[in-house]
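Presented below is the structure to which this report refers.
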Amino acid sequence: MNNGQNKGLAMVQAQLPARKTIALVAHDHKKPDLLEWSKKHKSQLSTHTLCGTGTTGRLLEEALNLPVKQFLSGPLGGDQQLGGKIAEGDIHCLIFFWDPFQPMPHDPDVKALLRLATAWNIPVACNIATADLLLNSEGFNRTLERPIPDYAQYMQNR
């Protein structure tokens, strides 16, 4: 099965577990929105493992009184750390409230994070409406199959 992505790569099935690791990230002007959204959905989030970059992770842990694994600040490498965890299969969902009206000095890191989330076919929400739909979807708390490119085959054929 090849849906036009990653031409030349075969697709294989991978699983998103029922208990997901959710990365929660927000740019400075969107941190209040993410904190408010997270408080609203605390009971749902508490059934999953949470992680976040820098200040966002710390603020979430304080606001929710839930453990949040904290990576570096985004501009200092946190976005890249999250991307690495996505590629390793350790992050299963990305909630990233970014501000489309603010300049991003680390724009290449942000684009790389979103590219990896897309390449590894994990759910991504970039605004409150999408995050609400995602978290409240029927399949969110179930194990789900997802197609991903067969990168192992790609590496063998290089």
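Quick note on naming: the chains in the structure tokens go A, B, ... in the order shown, residues restart at 1 in each chain, and ligands are numbered from 1 in order of appearance.
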Please report as a Markdown table every residue of stretch 54-121 of chain A lying within 9 Å of stretch 23-43 of chain A, along with the nearest atom pair and their distance in Å (one decimal), using only C-alpha atoms.
```
| residue | atom | partner | partner_atom | distance |
| --- | --- | --- | --- | --- |
| A:Gly54 | CA | A:Val25 | CA | 8.9 |
| A:Thr56 | CA | A:Val25 | CA | 6.3 |
| A:Gly57 | CA | A:Leu24 | CA | 7.3 |
| A:Leu59 | CA | A:Leu35 | CA | 7.6 |
| A:Leu60 | CA | A:Leu35 | CA | 6.3 |
| A:Ala63 | CA | A:Leu35 | CA | 7.1 |
| A:Leu64 | CA | A:Lys39 | CA | 6.3 |
| A:Leu66 | CA | A:Lys42 | CA | 8.7 |
| A:Gly74 | CA | A:Val25 | CA | 8.5 |
| A:Asp79 | CA | A:Val25 | CA | 8.7 |
| A:Leu82 | CA | A:Ala23 | CA | 7.5 |
| A:Ile91 | CA | A:Ala23 | CA | 6.7 |
| A:His92 | CA | A:Ala23 | CA | 8.0 |
| A:Cys93 | CA | A:Ala23 | CA | 6.2 |
| A:Leu94 | CA | A:Ala23 | CA | 4.9 |
| A:Ile95 | CA | A:Leu24 | CA | 5.0 |
| A:Phe96 | CA | A:Val25 | CA | 4.6 |
| A:Phe97 | CA | A:Ala26 | CA | 4.6 |
| A:Trp98 | CA | A:His27 | CA | 5.2 |
| A:Asp99 | CA | A:His27 | CA | 6.3 |
| A:Gln102 | CA | A:His29 | CA | 8.2 |
| A:Met104 | CA | A:His27 | CA | 8.8 |
```
For the residues in the current selection, export C-alpha atoms as a JSON list (two decimals), in the first residue's frame.
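Output saved as result_38.json:
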```json
[["chain", "number", "residue", "atom", "x", "y", "z"],
["A", 54, "GLY", "CA", 11.03, 23.01, 28.59],
["A", 56, "THR", "CA", 5.63, 24.00, 28.86],
["A", 57, "GLY", "CA", 6.34, 20.64, 30.53],
["A", 59, "LEU", "CA", 3.91, 24.46, 33.71],
["A", 60, "LEU", "CA", 1.75, 21.47, 32.78],
["A", 63, "ALA", "CA", -1.09, 22.92, 36.69],
["A", 64, "LEU", "CA", -2.25, 19.31, 36.37],
["A", 66, "LEU", "CA", 0.47, 14.93, 37.01],
["A", 74, "GLY", "CA", 12.27, 23.83, 22.02],
["A", 79, "ASP", "CA", 11.82, 19.82, 19.53],
["A", 82, "LEU", "CA", 10.75, 14.90, 20.74],
["A", 91, "ILE", "CA", 5.76, 9.18, 21.32],
["A", 92, "HIS", "CA", 2.34, 8.31, 19.94],
["A", 93, "CYS", "CA", 0.57, 11.67, 19.69],
["A", 94, "LEU", "CA", 1.63, 15.32, 19.36],
["A", 95, "ILE", "CA", -0.44, 18.23, 20.66],
["A", 96, "PHE", "CA", 1.42, 21.33, 19.48],
["A", 97, "PHE", "CA", -0.26, 24.69, 19.92],
["A", 98, "TRP", "CA", 1.85, 27.01, 17.79],
["A", 99, "ASP", "CA", 1.27, 30.66, 17.13],
["A", 102, "GLN", "CA", 4.56, 35.12, 15.91],
["A", 104, "MET", "CA", 9.70, 31.46, 15.19]]
```
Fewer than 3 positions away in the same chain doesn't count, so skip those; otherwise give me all residues within 6 Å of A:Leu72, counting only C-alpha atoms, as a PyMOL selection string.
chain A and resi 53-54+77-78
Go ahead and save the residues from that selection, with N, CA and C atoms, as a PDB file, in the first residue's frame.
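Written output follows (again-v1.pdb):
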```pdb
ATOM      1  N   THR A  53       8.130  19.947  26.169  1.00  0.00           N
ATOM      2  CA  THR A  53       9.391  20.668  26.093  1.00  0.00           C
ATOM      3  C   THR A  53       9.464  21.718  27.186  1.00  0.00           C
ATOM      4  N   GLY A  54      10.666  21.928  27.693  1.00  0.00           N
ATOM      5  CA  GLY A  54      11.029  23.013  28.592  1.00  0.00           C
ATOM      6  C   GLY A  54       9.978  23.528  29.539  1.00  0.00           C
ATOM      7  N   GLY A  77      16.827  22.477  21.696  1.00  0.00           N
ATOM      8  CA  GLY A  77      16.931  21.083  21.278  1.00  0.00           C
ATOM      9  C   GLY A  77      15.754  20.218  21.674  1.00  0.00           C
ATOM     10  N   GLY A  78      14.799  20.753  22.426  1.00  0.00           N
ATOM     11  CA  GLY A  78      13.657  19.959  22.872  1.00  0.00           C
ATOM     12  C   GLY A  78      12.796  19.444  21.732  1.00  0.00           C
TER      13      GLY A  78
END
```
A:Asp150 surroundings by only C-alpha atoms, 8 Å radius, close-in-sequence under 5 positions cut, as a PyMOL selection string:
chain A and resi 9-12
Please, could you write that set of residues out with N, CA and C atoms as a PDB file, in the first residue's frame?
```pdb
ATOM      1  N   LEU A   9       8.867   3.487  -1.159  1.00  0.00           N
ATOM      2  CA  LEU A   9       8.938   2.750   0.096  1.00  0.00           C
ATOM      3  C   LEU A   9       7.675   1.929   0.285  1.00  0.00           C
ATOM      4  N   ALA A  10       7.853   0.672   0.631  1.00  0.00           N
ATOM      5  CA  ALA A  10       6.714  -0.166   0.983  1.00  0.00           C
ATOM      6  C   ALA A  10       6.175   0.296   2.330  1.00  0.00           C
ATOM      7  N   MET A  11       4.918   0.016   2.569  1.00  0.00           N
ATOM      8  CA  MET A  11       4.305   0.386   3.836  1.00  0.00           C
ATOM      9  C   MET A  11       4.142  -0.873   4.698  1.00  0.00           C
ATOM     10  N   VAL A  12       4.307  -0.694   5.992  1.00  0.00           N
ATOM     11  CA  VAL A  12       4.090  -1.769   6.963  1.00  0.00           C
ATOM     12  C   VAL A  12       3.133  -1.247   8.030  1.00  0.00           C
TER      13      VAL A  12
END
```
Residue neighbourhood A:Trp120, 8 Å, only C-alpha atoms, exclusion window fewer than 5 positions, as a list of chain:residue names
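Residues near the query, excluding close chain neighbours: A:Ile86, A:Ala87, A:Ile148, A:Pro149.
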Selection above as a file: C-alpha atoms, as an mmCIF file, in the first residue's frame:
```
data_model
loop_
_atom_site.group_PDB
_atom_site.id
_atom_site.type_symbol
_atom_site.label_atom_id
_atom_site.label_comp_id
_atom_site.auth_asym_id
_atom_site.auth_seq_id
_atom_site.Cartn_x
_atom_site.Cartn_y
_atom_site.Cartn_z
ATOM 1 C CA ILE A 86 8.721 9.922 17.629
ATOM 2 C CA ALA A 87 11.147 8.175 15.247
ATOM 3 C CA ILE A 148 4.202 3.641 8.190
ATOM 4 C CA PRO A 149 6.901 3.451 5.544
#
```
Residues of chain A in strand (DSSP E), written as a CSV table (one decimal) with C-alpha atoms, in the first residue's frame:
```csv
chain,number,residue,atom,x,y,z
A,11,MET,CA,4.3,0.4,3.8
A,12,VAL,CA,4.1,-1.8,7.0
A,13,GLN,CA,1.6,-1.8,9.8
A,14,ALA,CA,2.6,-0.4,13.2
A,15,GLN,CA,0.5,0.1,16.4
A,16,LEU,CA,-0.4,3.0,18.5
A,21,THR,CA,2.7,8.9,25.3
A,22,ILE,CA,1.4,12.3,24.4
A,23,ALA,CA,3.8,15.2,23.7
A,24,LEU,CA,2.4,18.5,24.7
A,25,VAL,CA,4.1,21.6,23.2
A,26,ALA,CA,3.2,25.2,23.0
A,49,THR,CA,1.9,9.3,29.7
A,50,LEU,CA,2.7,13.0,29.2
A,51,CYS,CA,5.8,14.7,28.1
A,52,GLY,CA,6.7,18.2,26.9
A,53,THR,CA,9.4,20.7,26.1
A,68,VAL,CA,5.2,15.3,32.8
A,69,LYS,CA,8.6,14.1,31.4
A,70,GLN,CA,10.4,17.3,30.5
A,71,PHE,CA,12.7,17.7,27.6
A,93,CYS,CA,0.6,11.7,19.7
A,94,LEU,CA,1.6,15.3,19.4
A,95,ILE,CA,-0.4,18.2,20.7
A,96,PHE,CA,1.4,21.3,19.5
A,97,PHE,CA,-0.3,24.7,19.9
A,124,VAL,CA,-1.1,15.7,15.5
A,125,ALA,CA,-3.3,18.6,16.7
A,144,LEU,CA,-4.8,1.4,16.6
A,145,GLU,CA,-3.1,0.1,13.5
A,146,ARG,CA,-1.3,2.7,11.3
A,147,PRO,CA,0.6,2.4,8.1
A,148,ILE,CA,4.2,3.6,8.2
A,149,PRO,CA,6.9,3.5,5.5
```
By how many Å are atom CA of A:Thr47 and atom CA of A:Arg19 apart?
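Pair atom CA of A:Thr47 / atom CA of A:Arg19 returns 6.9 Å.
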Given only C-alpha atoms as the counted atoms, nearest of A:Pro108, A:Pro17, A:Pro100, A:Pro75 to A:Gly139:
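Nearest to A:Gly139: A:Pro17.
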Atom CA of A:Gln81 to atom CA of A:His48, distance in Å rounded to a single decimal
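Between atom CA of A:Gln81 and atom CA of A:His48 the gap is 19.4 Å.
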For a quick check of understanding, using only C-alpha atoms, which of A:Gly83, A:Ser73, A:Lys20, A:Leu45 has the smallest distance to A:Thr118?
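When distances to A:Thr118 are compared using only C-alpha atoms, the smallest one comes from A:Gly83.
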